file input_7.cif (mmCIF, C-alpha atoms)
data_run
#
loop_
_atom_site.group_PDB
_atom_site.id
_atom_site.type_symbol
_atom_site.label_atom_id
_atom_site.label_comp_id
_atom_site.auth_asym_id
_atom_site.auth_seq_id
_atom_site.Cartn_x
_atom_site.Cartn_y
_atom_site.Cartn_z
ATOM 1 C CA MET D 246 7.039 -14.169 -4.064
ATOM 2 C CA SER D 247 4.608 -14.555 -1.235
ATOM 3 C CA VAL D 248 3.010 -17.781 -0.098
ATOM 4 C CA LEU D 249 -0.352 -16.677 -1.491
ATOM 5 C CA GLY D 250 1.074 -15.252 -4.730
ATOM 6 C CA GLY D 251 -0.498 -15.755 -8.127
ATOM 7 C CA CYS D 252 -4.287 -15.477 -8.250
ATOM 8 C CA GLU D 253 -4.690 -13.978 -4.769
ATOM 9 C CA GLU D 254 -2.059 -11.314 -5.396
ATOM 10 C CA LYS D 255 -3.481 -10.411 -8.833
ATOM 11 C CA ASN D 256 -6.822 -9.397 -7.253
ATOM 12 C CA LYS D 257 -5.061 -6.764 -5.110
ATOM 13 C CA THR D 258 -3.119 -5.052 -7.922
ATOM 14 C CA PRO D 259 -4.374 -1.512 -8.645
ATOM 15 C CA VAL D 260 -5.590 -0.885 -12.191
ATOM 16 C CA LEU D 261 -5.492 2.512 -13.904
ATOM 17 C CA GLU D 262 -8.924 3.456 -15.303
ATOM 18 C CA GLU D 263 -10.469 6.553 -16.823
ATOM 19 C CA ARG D 264 -13.774 7.797 -15.463
ATOM 20 C CA VAL D 265 -15.873 10.650 -16.821
ATOM 21 C CA CYS D 266 -16.470 13.550 -14.456
ATOM 22 C CA PRO D 267 -20.227 14.086 -14.001
ATOM 23 C CA ASN D 268 -19.604 17.794 -13.370
ATOM 24 C CA CYS D 269 -17.586 18.838 -16.461
ATOM 25 C CA GLY D 270 -17.338 15.730 -18.669
ATOM 26 C CA ASP D 271 -13.520 15.488 -18.587
ATOM 27 C CA GLU D 272 -11.838 12.118 -18.224
ATOM 28 C CA VAL D 273 -10.047 11.538 -14.905
ATOM 29 C CA GLU D 274 -7.477 8.788 -14.334
ATOM 30 C CA VAL D 275 -8.195 6.802 -11.171
ATOM 31 C CA PHE D 276 -6.780 3.637 -9.597
ATOM 32 C CA THR D 277 -9.150 0.791 -8.798
ATOM 33 C CA VAL D 278 -9.019 -2.707 -7.357
ATOM 34 C CA LYS D 279 -11.835 -4.952 -8.595
ATOM 35 C CA GLY D 280 -13.565 -1.848 -10.026
ATOM 36 C CA ARG D 281 -13.623 0.041 -6.705
ATOM 37 C CA LEU D 282 -11.750 3.302 -6.143
ATOM 38 C CA ILE D 283 -8.850 2.866 -3.728
ATOM 39 C CA ASP D 284 -8.423 6.580 -2.927
ATOM 40 C CA ASP D 285 -10.043 9.978 -3.511
ATOM 41 C CA PHE D 286 -9.300 11.478 -6.935
ATOM 42 C CA ALA D 287 -10.030 15.088 -7.887
ATOM 43 C CA CYS D 288 -10.936 16.475 -11.285
ATOM 44 C CA ALA D 289 -9.523 19.826 -12.440
ATOM 45 C CA CYS D 290 -13.014 21.348 -12.018
ATOM 46 C CA GLY D 291 -13.023 20.458 -8.307
ATOM 47 C CA TYR D 292 -15.284 17.399 -8.367
ATOM 48 C CA VAL D 293 -13.917 14.591 -6.155
ATOM 49 C CA PHE D 294 -14.383 10.901 -6.871
ATOM 50 C CA GLN D 295 -14.780 9.381 -3.396
ATOM 51 C CA LYS D 296 -12.955 6.253 -2.248
ATOM 52 C CA GLU D 297 -15.277 3.239 -2.347
ATOM 53 C CA GLU D 298 -15.204 1.020 0.748
#

call {"tool": "encode", "arguments": {"input": "input_7.cif", "output": "structure tokens"}}
result
Amino acid sequence: MSVLGGCEEKNKTPVLEERVCPNCGDEVEVFTVKGRLIDDFACACGYVFQKEE
């Protein structure tokens, strides 16, 4: 366990979410931290959810 474990560490844990593709309507699984995308995720139709800084 780190020195700043607990609450601080919990805020940095990625959460799996489903977002609806605006292009085709399919659901895409993405990882977020505090509701922000942590990487680019592509839908099968080719639409890309961009990482949010």

call {"tool": "closest_residue", "arguments": {"input": "input_7.cif", "among": "D:Cys290, D:Phe276, D:Asp271, D:Gln295", "to": "Pro259 of chain D", "atoms": "all atoms listed in the file"}}
result
D:Phe276

call {"tool": "atom_distance", "arguments": {"input": "input_7.cif", "atom1": "atom CA of Pro267 of chain D", "atom2": "atom CA of Lys279 of chain D"}}
result
21.5 Å

call {"tool": "resolve_selection", "arguments": {"input": "input_7.cif", "expression": "the PyMOL selection byres ((chain D and resi 293) around 12)", "output": "JSON, numbers by chain"}}
result
{"D": [264, 265, 266, 267, 268, 269, 273, 274, 275, 282, 284, 285, 286, 287, 288, 289, 290, 291, 292, 294, 295, 296]}
